[in-house]
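Okay, structure first, notes after.
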Amino acid sequence: MRRKELKTVVTFHTVTEAIAMETACIREKIPGRIIPVPGEIKAGCGLSWVMPVHWEGDILQWMEQEGLKWEAVGEYLI
Amino acid sequence: MIYLDNAATSLHKPEEVRLAVADAMLHMGNPGRGIHGASLDAARMIYDTRSLISQLLHGDGPGQVAFTANSTESLNLAIEGIFRPGDHVITTMMEHNSVLRPLYRMEDRGMELTILPADQYGCIHYEEIEAAVRSNTKAVVCTHASNLTGNINDLKTIGDICKKHGLLFLVDASQTAGVFDIDMKEMGIDVVCFTGHKGLLGPQGTGGICIREGLNIEPLIVGGSGMQSFLRTQPEQMPERLEAGTLNCHGIAGLHAALLYISRTGMESIRKREQSLMRRFYEGVKDIPAVTVYGDFSRKSLEQRAPVVALNIGSLDSGEVADELTVAYGIYARAGAHCAPLMHQALGTVKQGAVRFSMSHFNTEEEIDQAVAAVRELSREQELI
C-alpha cells in the first residue's frame with residue numbers, strides 16, 4: 001500500500017456533484033482526482049475529491065464561486 | 001421503404017449514435033458505482049449529457065436533469081411527484097395518454113382536473129386557461145405539440161399565464177425536444193419531460209426530466225443511488241433523487257452523440273428542413289378531393305408547427321389505408337388513435353382514426369412526392385366508389 005499523506009478531501013451528496021467538481025477542476029487545472037470516500041470519513045460507497053493540502057488557492061471559496069455543491073471538506077491522512 | 005413515422009420514433013439516426021452505443025457497450029461501466037476508469041468514464045459521459053440537455057432547454061444546470069426511460073416515465077414522475085389530493089390541475093384535449101392517464105389516476109385519488117377543449121382544427125384557446133383557474137389550481141400540464149395534428153402551443157403565452165396566477169407549468173416536449181426552441185427561463189417552465197428517441201435522435205429507452213431548481217418532486221421509485229447508501233431514504237439531492245438503479249448508460253451514450261450531432265447541424269436547420277418537407281407533403285395532398293387534412297395549417301401556423309400531417313381518405317378506415325400504403329407502396333405511416341383519444345374526439349375521428357405522416361430531416365423530397373402520389377392514387381380509387 002502507498003504511504004499515507006495529509007490531503008484535502010471533498011465529499012459529495014451525489015455522483016453528479018462529484019463529477020461536476022472533477023469537470024471544473026480539470027478545466028481550471030486544479031490538481032486532484034476522484035477516490036472512494038475514505039472509511040475514516042464515513043462508511044459506505046461513494047466518490048470524493050482528493051487534492052494536495054498545499055494547493056495555492058482557497059478551495060472552499062473557489063467551489064462557491066463555481067456554484068459547485070458538496071457535503072464536507074476536511075484534511076485527512078490518507 | 002419510405003419511413004414517415006418519425007413522431008412515433010425517428011428511425012434514421014446519425015451514424016455516430018449507433019457507434020456511440022456500441023462503443024459504450026465495449027468500454028463503459030456502471031456510472032457512479034465505482035472509481036475505476038470504466039465507471040468514471042460512464043459517469044463523466046452521463047454528466048456531460050446532463051449538461052447538453054440543460055443547455056438545450058435553458059435549464060438550471062446539469063444537476064437538474066434526471067434520466068428516465070422515456071417521456072411517459074418522466075410525466076408519471078412529475079405528475080405523481082408533485083400533485084396531491086385536493087390540488088386542481090389544468091390540461092388540454094391535445095394531450096397524449098402519457099399525460100392524460102397519470103392525471104386520470106391522480107383524479108381518482110382526489111385531484112381535481114380541468115381539460116380545456118380544442119376546436120375543430122385541434123387548437124386550444126389560451127384565454128380559457130385563465131377562465132379555468134381556481135383557488136386550488138396548482139399547475140398547467142400541456143404538450144408543446146400535438147402528436148396527432150402537429151399543432152404547436154405557444155409556451156411563452158401559457159408560461160406568462162402560469163406566472164401571473166402563481167401556477168407551476170409542466171411541458172410534455174415529446175414531439176419538439178431537439179427540433180424546436182424551448183427556453184425554460186424565458187417561457188416560465190418549471191418541468192420539461194422529454195424522450196430521447198424522437199427529435200433528439202437518440203436510442204429508444206432514453207428520456208428525462210429537466211426541473212427548475214428549488215422545485216421538489218417526490219421520487220416514483222427508490223433504491224440504489226451510488227452514494228449515501230446507509231440512508232433509509234432516497235437522497236434529497238437532484239438528480240439522483242429521481243434516479244434509483246442503474247441508468248441506461250449505453251443508451252445515454254447514444255443520446256450524447258445525438259445531442260452533439262444536433263448542436264453541430266443546428267436545430268434551426270433541422271427544423272426548417274422538416275417543415276419544408278411537411279409543407280411539401282401538405283401542399284401535395286390538401287386539394288385531393290377525397291382527402292381531409294386535420295390540424296391548423298393557416299399561414300401563421302405553417303411557419304411554426306411540428307412536421308406532422310394527419311389525414312383521412314374519404315370514409316376509408318385509417319388502418320386499411322396505412323396497411324395499403326405499407327404493402328403496396330412501402331410507405332410507413334401511422335394509423336389509428338395515436339394514444340390521443342381526446343384529440344380524436346375534437347376532430348371527430350374517433351371511429352375512423354387518422355393516417356399520420358411525420359417527417360424527419362433525413363427524408364428526401366422524392367420520398368415526400370412518392371407519398372403524395374400514393375395518397376392521390378388511393379384517393380382516386382375512393383372517388384370511384
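Ligands are numbered from 1 in the order shown, residues from 1 within each chain, and chains are lettered A, B, ... in the order they appear in the C-alpha cells.
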
Residues of chain B within 8 Å of chain A, counting only C-alpha atoms, what are they? List them as a PDB file with N, CA, C and O atoms, in the first residue's frame.
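Written output follows (part16.pdb):
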ATOM      1  N   GLY B  32     -21.030   5.897 -11.635  1.00  0.00           N
ATOM      2  CA  GLY B  32     -21.200   6.264 -10.235  1.00  0.00           C
ATOM      3  C   GLY B  32     -21.226   5.099  -9.276  1.00  0.00           C
ATOM      4  O   GLY B  32     -21.602   5.239  -8.120  1.00  0.00           O
ATOM      5  N   ARG B  33     -20.824   3.941  -9.737  1.00  0.00           N
ATOM      6  CA  ARG B  33     -20.821   2.784  -8.843  1.00  0.00           C
ATOM      7  C   ARG B  33     -19.396   2.277  -8.597  1.00  0.00           C
ATOM      8  O   ARG B  33     -19.190   1.158  -8.187  1.00  0.00           O
ATOM      9  N   GLY B  34     -18.425   3.141  -8.853  1.00  0.00           N
ATOM     10  CA  GLY B  34     -17.046   2.742  -8.611  1.00  0.00           C
ATOM     11  C   GLY B  34     -16.128   3.876  -8.988  1.00  0.00           C
ATOM     12  O   GLY B  34     -16.565   4.889  -9.553  1.00  0.00           O
ATOM     13  N   ILE B  35     -14.832   3.735  -8.697  1.00  0.00           N
ATOM     14  CA  ILE B  35     -13.897   4.812  -9.036  1.00  0.00           C
ATOM     15  C   ILE B  35     -12.889   4.355 -10.079  1.00  0.00           C
ATOM     16  O   ILE B  35     -11.914   5.042 -10.351  1.00  0.00           O
ATOM     17  N   ALA B  43     -19.723   7.819 -15.846  1.00  0.00           N
ATOM     18  CA  ALA B  43     -20.258   8.935 -15.052  1.00  0.00           C
ATOM     19  C   ALA B  43     -19.971  10.277 -15.714  1.00  0.00           C
ATOM     20  O   ALA B  43     -20.802  11.182 -15.702  1.00  0.00           O
ATOM     21  N   ARG B  44     -18.799  10.390 -16.317  1.00  0.00           N
ATOM     22  CA  ARG B  44     -18.442  11.649 -16.996  1.00  0.00           C
ATOM     23  C   ARG B  44     -19.323  11.869 -18.225  1.00  0.00           C
ATOM     24  O   ARG B  44     -19.779  12.983 -18.484  1.00  0.00           O
ATOM     25  N   TYR B  47     -22.741  12.882 -17.076  1.00  0.00           N
ATOM     26  CA  TYR B  47     -22.727  14.283 -16.615  1.00  0.00           C
ATOM     27  C   TYR B  47     -22.725  15.239 -17.809  1.00  0.00           C
ATOM     28  O   TYR B  47     -23.448  16.240 -17.830  1.00  0.00           O
ATOM     29  N   GLY B  63     -27.255  19.416 -12.829  1.00  0.00           N
ATOM     30  CA  GLY B  63     -27.800  18.784 -11.628  1.00  0.00           C
ATOM     31  C   GLY B  63     -29.317  18.723 -11.614  1.00  0.00           C
ATOM     32  O   GLY B  63     -29.906  18.038 -10.780  1.00  0.00           O
ATOM     33  N   SER B 225     -28.396   4.419  -5.270  1.00  0.00           N
ATOM     34  CA  SER B 225     -28.054   5.732  -5.820  1.00  0.00           C
ATOM     35  C   SER B 225     -26.543   5.920  -5.942  1.00  0.00           C
ATOM     36  O   SER B 225     -26.084   6.951  -6.405  1.00  0.00           O
ATOM     37  N   GLY B 226     -25.791   4.934  -5.481  1.00  0.00           N
ATOM     38  CA  GLY B 226     -24.334   5.027  -5.574  1.00  0.00           C
ATOM     39  C   GLY B 226     -23.700   5.838  -4.461  1.00  0.00           C
ATOM     40  O   GLY B 226     -22.494   5.797  -4.266  1.00  0.00           O
ATOM     41  N   MET B 227     -24.498   6.606  -3.741  1.00  0.00           N
ATOM     42  CA  MET B 227     -23.993   7.441  -2.642  1.00  0.00           C
ATOM     43  C   MET B 227     -24.996   7.360  -1.488  1.00  0.00           C
ATOM     44  O   MET B 227     -26.148   6.995  -1.678  1.00  0.00           O
ATOM     45  N   GLN B 228     -24.562   7.781  -0.313  1.00  0.00           N
ATOM     46  CA  GLN B 228     -25.431   7.843   0.874  1.00  0.00           C
ATOM     47  C   GLN B 228     -26.163   6.513   1.107  1.00  0.00           C
ATOM     48  O   GLN B 228     -27.366   6.486   1.383  1.00  0.00           O
ATOM     49  N   SER B 229     -25.402   5.432   0.983  1.00  0.00           N
ATOM     50  CA  SER B 229     -26.008   4.098   0.988  1.00  0.00           C
ATOM     51  C   SER B 229     -26.634   3.701   2.323  1.00  0.00           C
ATOM     52  O   SER B 229     -27.477   2.809   2.371  1.00  0.00           O
ATOM     53  N   PHE B 230     -26.211   4.345   3.416  1.00  0.00           N
ATOM     54  CA  PHE B 230     -26.783   3.948   4.701  1.00  0.00           C
ATOM     55  C   PHE B 230     -28.015   4.749   5.101  1.00  0.00           C
ATOM     56  O   PHE B 230     -28.571   4.559   6.178  1.00  0.00           O
ATOM     57  N   PRO B 235     -31.652   9.800  -1.473  1.00  0.00           N
ATOM     58  CA  PRO B 235     -31.018  11.094  -1.186  1.00  0.00           C
ATOM     59  C   PRO B 235     -31.926  12.262  -1.598  1.00  0.00           C
ATOM     60  O   PRO B 235     -32.707  12.151  -2.529  1.00  0.00           O
ATOM     61  N   GLN B 237     -30.880  15.080  -2.777  1.00  0.00           N
ATOM     62  CA  GLN B 237     -30.291  15.907  -3.819  1.00  0.00           C
ATOM     63  C   GLN B 237     -30.621  15.399  -5.223  1.00  0.00           C
ATOM     64  O   GLN B 237     -30.585  14.197  -5.477  1.00  0.00           O
ATOM     65  N   MET B 238     -30.885  16.374  -6.085  1.00  0.00           N
ATOM     66  CA  MET B 238     -31.070  16.079  -7.506  1.00  0.00           C
ATOM     67  C   MET B 238     -29.693  15.873  -8.146  1.00  0.00           C
ATOM     68  O   MET B 238     -28.713  16.443  -7.685  1.00  0.00           O
ATOM     69  N   PRO B 239     -29.617  15.128  -9.256  1.00  0.00           N
ATOM     70  CA  PRO B 239     -30.702  14.408  -9.931  1.00  0.00           C
ATOM     71  C   PRO B 239     -30.882  12.975  -9.435  1.00  0.00           C
ATOM     72  O   PRO B 239     -31.865  12.331  -9.748  1.00  0.00           O
ATOM     73  N   GLU B 240     -29.931  12.510  -8.589  1.00  0.00           N
ATOM     74  CA  GLU B 240     -30.005  11.126  -8.128  1.00  0.00           C
ATOM     75  C   GLU B 240     -31.270  10.856  -7.315  1.00  0.00           C
ATOM     76  O   GLU B 240     -31.676   9.706  -7.173  1.00  0.00           O
TER      77      GLU B 240
END

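DSSP on the backbone gives alpha helix (DSSP H) for these parts of chain A: Val15, Thr16, Glu17, Ala18, Ile19, Ala20, Met21, Glu22, Thr23, Ala24, Cys25, Ile26, Arg27, Ile59, Leu60, Gln61, Trp62, Met63, Glu64, Gln65 and Glu66 of chain A.
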
Report summary line: Of B:Val179, B:Val321, B:Ile270, B:Ala42, the one nearest to B:Asn363 when counting only C-alpha atoms is B:Ile270

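You will find atom CA of B:Val171 at 25.4 Å from atom CA of B:Gln234.
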
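Scanning stretch 9-78 of chain A with DSSP on the backbone, the strand (DSSP E) assignments fall on Val9, Val10, Thr11, Arg33, Ile34, Ile35, Pro36, Leu47, Ser48, Trp49, Val50, Met51, Pro52, Ala72, Val73, Gly74, Glu75, Tyr76 and Leu77 of chain A.
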
Export of prior selection with N, CA and C atoms as a PDB file, in the first residue's frame:
ATOM      1  N   VAL A   9      -9.760  16.448   1.377  1.00  0.00           N
ATOM      2  CA  VAL A   9     -10.777  15.571   0.797  1.00  0.00           C
ATOM      3  C   VAL A   9     -12.122  16.304   0.788  1.00  0.00           C
ATOM      4  N   VAL A  10     -12.749  16.312  -0.386  1.00  0.00           N
ATOM      5  CA  VAL A  10     -14.081  16.910  -0.517  1.00  0.00           C
ATOM      6  C   VAL A  10     -15.072  15.772  -0.723  1.00  0.00           C
ATOM      7  N   THR A  11     -16.118  15.735   0.085  1.00  0.00           N
ATOM      8  CA  THR A  11     -17.152  14.703  -0.103  1.00  0.00           C
ATOM      9  C   THR A  11     -18.416  15.349  -0.683  1.00  0.00           C
ATOM     10  N   ARG A  33      -7.902  14.175  -7.827  1.00  0.00           N
ATOM     11  CA  ARG A  33      -8.594  13.095  -8.536  1.00  0.00           C
ATOM     12  C   ARG A  33      -9.720  12.540  -7.678  1.00  0.00           C
ATOM     13  N   ILE A  34     -10.557  11.759  -8.346  1.00  0.00           N
ATOM     14  CA  ILE A  34     -11.664  11.130  -7.626  1.00  0.00           C
ATOM     15  C   ILE A  34     -11.170   9.848  -6.972  1.00  0.00           C
ATOM     16  N   ILE A  35     -11.554   9.673  -5.703  1.00  0.00           N
ATOM     17  CA  ILE A  35     -11.235   8.424  -4.990  1.00  0.00           C
ATOM     18  C   ILE A  35     -12.498   7.969  -4.250  1.00  0.00           C
ATOM     19  N   PRO A  36     -12.524   6.724  -3.800  1.00  0.00           N
ATOM     20  CA  PRO A  36     -13.653   6.311  -2.954  1.00  0.00           C
ATOM     21  C   PRO A  36     -13.639   7.115  -1.657  1.00  0.00           C
ATOM     22  N   LEU A  47     -18.153   8.708  -4.056  1.00  0.00           N
ATOM     23  CA  LEU A  47     -16.982   9.335  -4.646  1.00  0.00           C
ATOM     24  C   LEU A  47     -16.602  10.583  -3.856  1.00  0.00           C
ATOM     25  N   SER A  48     -15.300  10.818  -3.752  1.00  0.00           N
ATOM     26  CA  SER A  48     -14.833  12.062  -3.138  1.00  0.00           C
ATOM     27  C   SER A  48     -13.705  12.614  -3.996  1.00  0.00           C
ATOM     28  N   TRP A  49     -13.350  13.852  -3.752  1.00  0.00           N
ATOM     29  CA  TRP A  49     -12.271  14.508  -4.500  1.00  0.00           C
ATOM     30  C   TRP A  49     -11.101  14.700  -3.546  1.00  0.00           C
ATOM     31  N   VAL A  50      -9.937  14.215  -3.946  1.00  0.00           N
ATOM     32  CA  VAL A  50      -8.759  14.366  -3.097  1.00  0.00           C
ATOM     33  C   VAL A  50      -7.742  15.239  -3.814  1.00  0.00           C
ATOM     34  N   MET A  51      -7.130  16.139  -3.030  1.00  0.00           N
ATOM     35  CA  MET A  51      -6.177  17.071  -3.642  1.00  0.00           C
ATOM     36  C   MET A  51      -5.107  17.465  -2.619  1.00  0.00           C
ATOM     37  N   PRO A  52      -3.993  18.034  -3.094  1.00  0.00           N
ATOM     38  CA  PRO A  52      -2.921  18.413  -2.150  1.00  0.00           C
ATOM     39  C   PRO A  52      -3.409  19.452  -1.145  1.00  0.00           C
ATOM     40  N   ALA A  72     -18.872  18.043   2.506  1.00  0.00           N
ATOM     41  CA  ALA A  72     -17.921  18.490   3.530  1.00  0.00           C
ATOM     42  C   ALA A  72     -16.522  18.558   2.932  1.00  0.00           C
ATOM     43  N   VAL A  73     -15.668  19.347   3.579  1.00  0.00           N
ATOM     44  CA  VAL A  73     -14.263  19.449   3.172  1.00  0.00           C
ATOM     45  C   VAL A  73     -13.411  19.276   4.435  1.00  0.00           C
ATOM     46  N   GLY A  74     -12.372  18.462   4.342  1.00  0.00           N
ATOM     47  CA  GLY A  74     -11.519  18.278   5.509  1.00  0.00           C
ATOM     48  C   GLY A  74     -10.145  17.791   5.103  1.00  0.00           C
ATOM     49  N   GLU A  75      -9.241  17.760   6.072  1.00  0.00           N
ATOM     50  CA  GLU A  75      -7.890  17.248   5.801  1.00  0.00           C
ATOM     51  C   GLU A  75      -7.733  15.919   6.505  1.00  0.00           C
ATOM     52  N   TYR A  76      -7.249  14.950   5.788  1.00  0.00           N
ATOM     53  CA  TYR A  76      -7.146  13.575   6.315  1.00  0.00           C
ATOM     54  C   TYR A  76      -5.828  12.950   5.896  1.00  0.00           C
ATOM     55  N   LEU A  77      -5.356  12.075   6.724  1.00  0.00           N
ATOM     56  CA  LEU A  77      -4.159  11.309   6.399  1.00  0.00           C
ATOM     57  C   LEU A  77      -4.635  10.083   5.607  1.00  0.00           C
TER      58      LEU A  77
END

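Using only C-alpha atoms, the smallest distance between any of B:Gly61, B:Pro117, B:Gly188, B:Gly284 and B:Lys164 comes from B:Gly188.
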
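Atom to atom, atom CA of B:Asn70 and atom CA of B:Met1 stand 26.5 Å apart.
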
Report task. Using only C-alpha atoms, determine which residues lie at most 10 Å from B:Asn76, disregarding the query and same-chain residues fewer than 3 positions distant; provide the list as a ChimeraX atom specification. Result -> /B:71-73,79-82,98-103,105,193,220

Same residues, N, CA, C and O atoms, saved as a CSV table (one decimal), in the first residue's frame:
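Saved result, part.csv, follows:
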chain,number,residue,atom,x,y,z
B,71,SER,N,-40.5,9.8,-22.2
B,71,SER,CA,-41.4,10.9,-21.7
B,71,SER,C,-42.5,10.3,-20.7
B,71,SER,O,-42.8,11.0,-19.7
B,72,THR,N,-43.0,9.2,-21.0
B,72,THR,CA,-44.1,8.6,-20.2
B,72,THR,C,-43.6,8.5,-18.8
B,72,THR,O,-44.4,8.9,-17.8
B,73,GLU,N,-42.5,7.9,-18.6
B,73,GLU,CA,-41.9,7.8,-17.2
B,73,GLU,C,-41.7,9.2,-16.6
B,73,GLU,O,-42.1,9.4,-15.4
B,79,ILE,N,-46.1,14.1,-12.4
B,79,ILE,CA,-47.5,14.2,-12.0
B,79,ILE,C,-47.7,13.6,-10.7
B,79,ILE,O,-48.4,14.1,-9.8
B,80,GLU,N,-47.1,12.4,-10.5
B,80,GLU,CA,-47.3,11.7,-9.2
B,80,GLU,C,-46.4,12.4,-8.1
B,80,GLU,O,-46.8,12.3,-6.9
B,81,GLY,N,-45.3,13.0,-8.5
B,81,GLY,CA,-44.4,13.5,-7.5
B,81,GLY,C,-44.7,14.9,-7.1
B,81,GLY,O,-44.1,15.4,-6.1
B,82,ILE,N,-45.6,15.6,-7.8
B,82,ILE,CA,-45.9,17.0,-7.4
B,82,ILE,C,-47.3,17.1,-6.9
B,82,ILE,O,-47.5,17.8,-5.9
B,98,SER,N,-49.9,9.7,-22.3
B,98,SER,CA,-48.8,9.7,-21.3
B,98,SER,C,-49.0,10.9,-20.3
B,98,SER,O,-48.4,10.9,-19.2
B,99,VAL,N,-49.8,11.9,-20.7
B,99,VAL,CA,-50.2,13.0,-19.8
B,99,VAL,C,-51.5,12.6,-19.2
B,99,VAL,O,-51.7,12.7,-18.0
B,100,LEU,N,-52.5,12.2,-20.0
B,100,LEU,CA,-53.9,12.0,-19.5
B,100,LEU,C,-54.0,10.9,-18.5
B,100,LEU,O,-54.6,11.1,-17.5
B,101,ARG,N,-53.4,9.8,-18.8
B,101,ARG,CA,-53.6,8.6,-17.8
B,101,ARG,C,-53.0,8.9,-16.4
B,101,ARG,O,-53.7,8.6,-15.4
B,102,PRO,N,-51.8,9.4,-16.3
B,102,PRO,CA,-51.3,9.8,-15.0
B,102,PRO,C,-52.2,10.8,-14.3
B,102,PRO,O,-52.5,10.7,-13.1
B,103,LEU,N,-52.8,11.7,-15.1
B,103,LEU,CA,-53.7,12.7,-14.5
B,103,LEU,C,-55.0,12.1,-14.1
B,103,LEU,O,-55.5,12.4,-13.0
B,105,ARG,N,-55.4,9.1,-13.2
B,105,ARG,CA,-55.1,8.3,-12.0
B,105,ARG,C,-55.1,9.2,-10.7
B,105,ARG,O,-55.6,8.8,-9.7
B,193,CYS,N,-40.6,17.4,-19.7
B,193,CYS,CA,-40.4,16.0,-19.9
B,193,CYS,C,-40.1,15.7,-21.3
B,193,CYS,O,-40.8,16.2,-22.2
B,220,LEU,N,-40.6,8.5,-7.8
B,220,LEU,CA,-41.5,7.5,-8.1
B,220,LEU,C,-41.0,6.1,-7.6
B,220,LEU,O,-41.8,5.3,-7.1

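The coordinates place atom CA of B:Tyr126 at 11.1 Å from atom CA of B:Cys162.
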
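Excluding B:Ser54 itself and any same-chain residue fewer than 6 positions from it, the protein and nucleic acid residues within 9 Å of it, counting only C-alpha atoms, are Asp60, Gly61, Pro62, Gly63, Gln64, Val65 and Cys210 of chain B.
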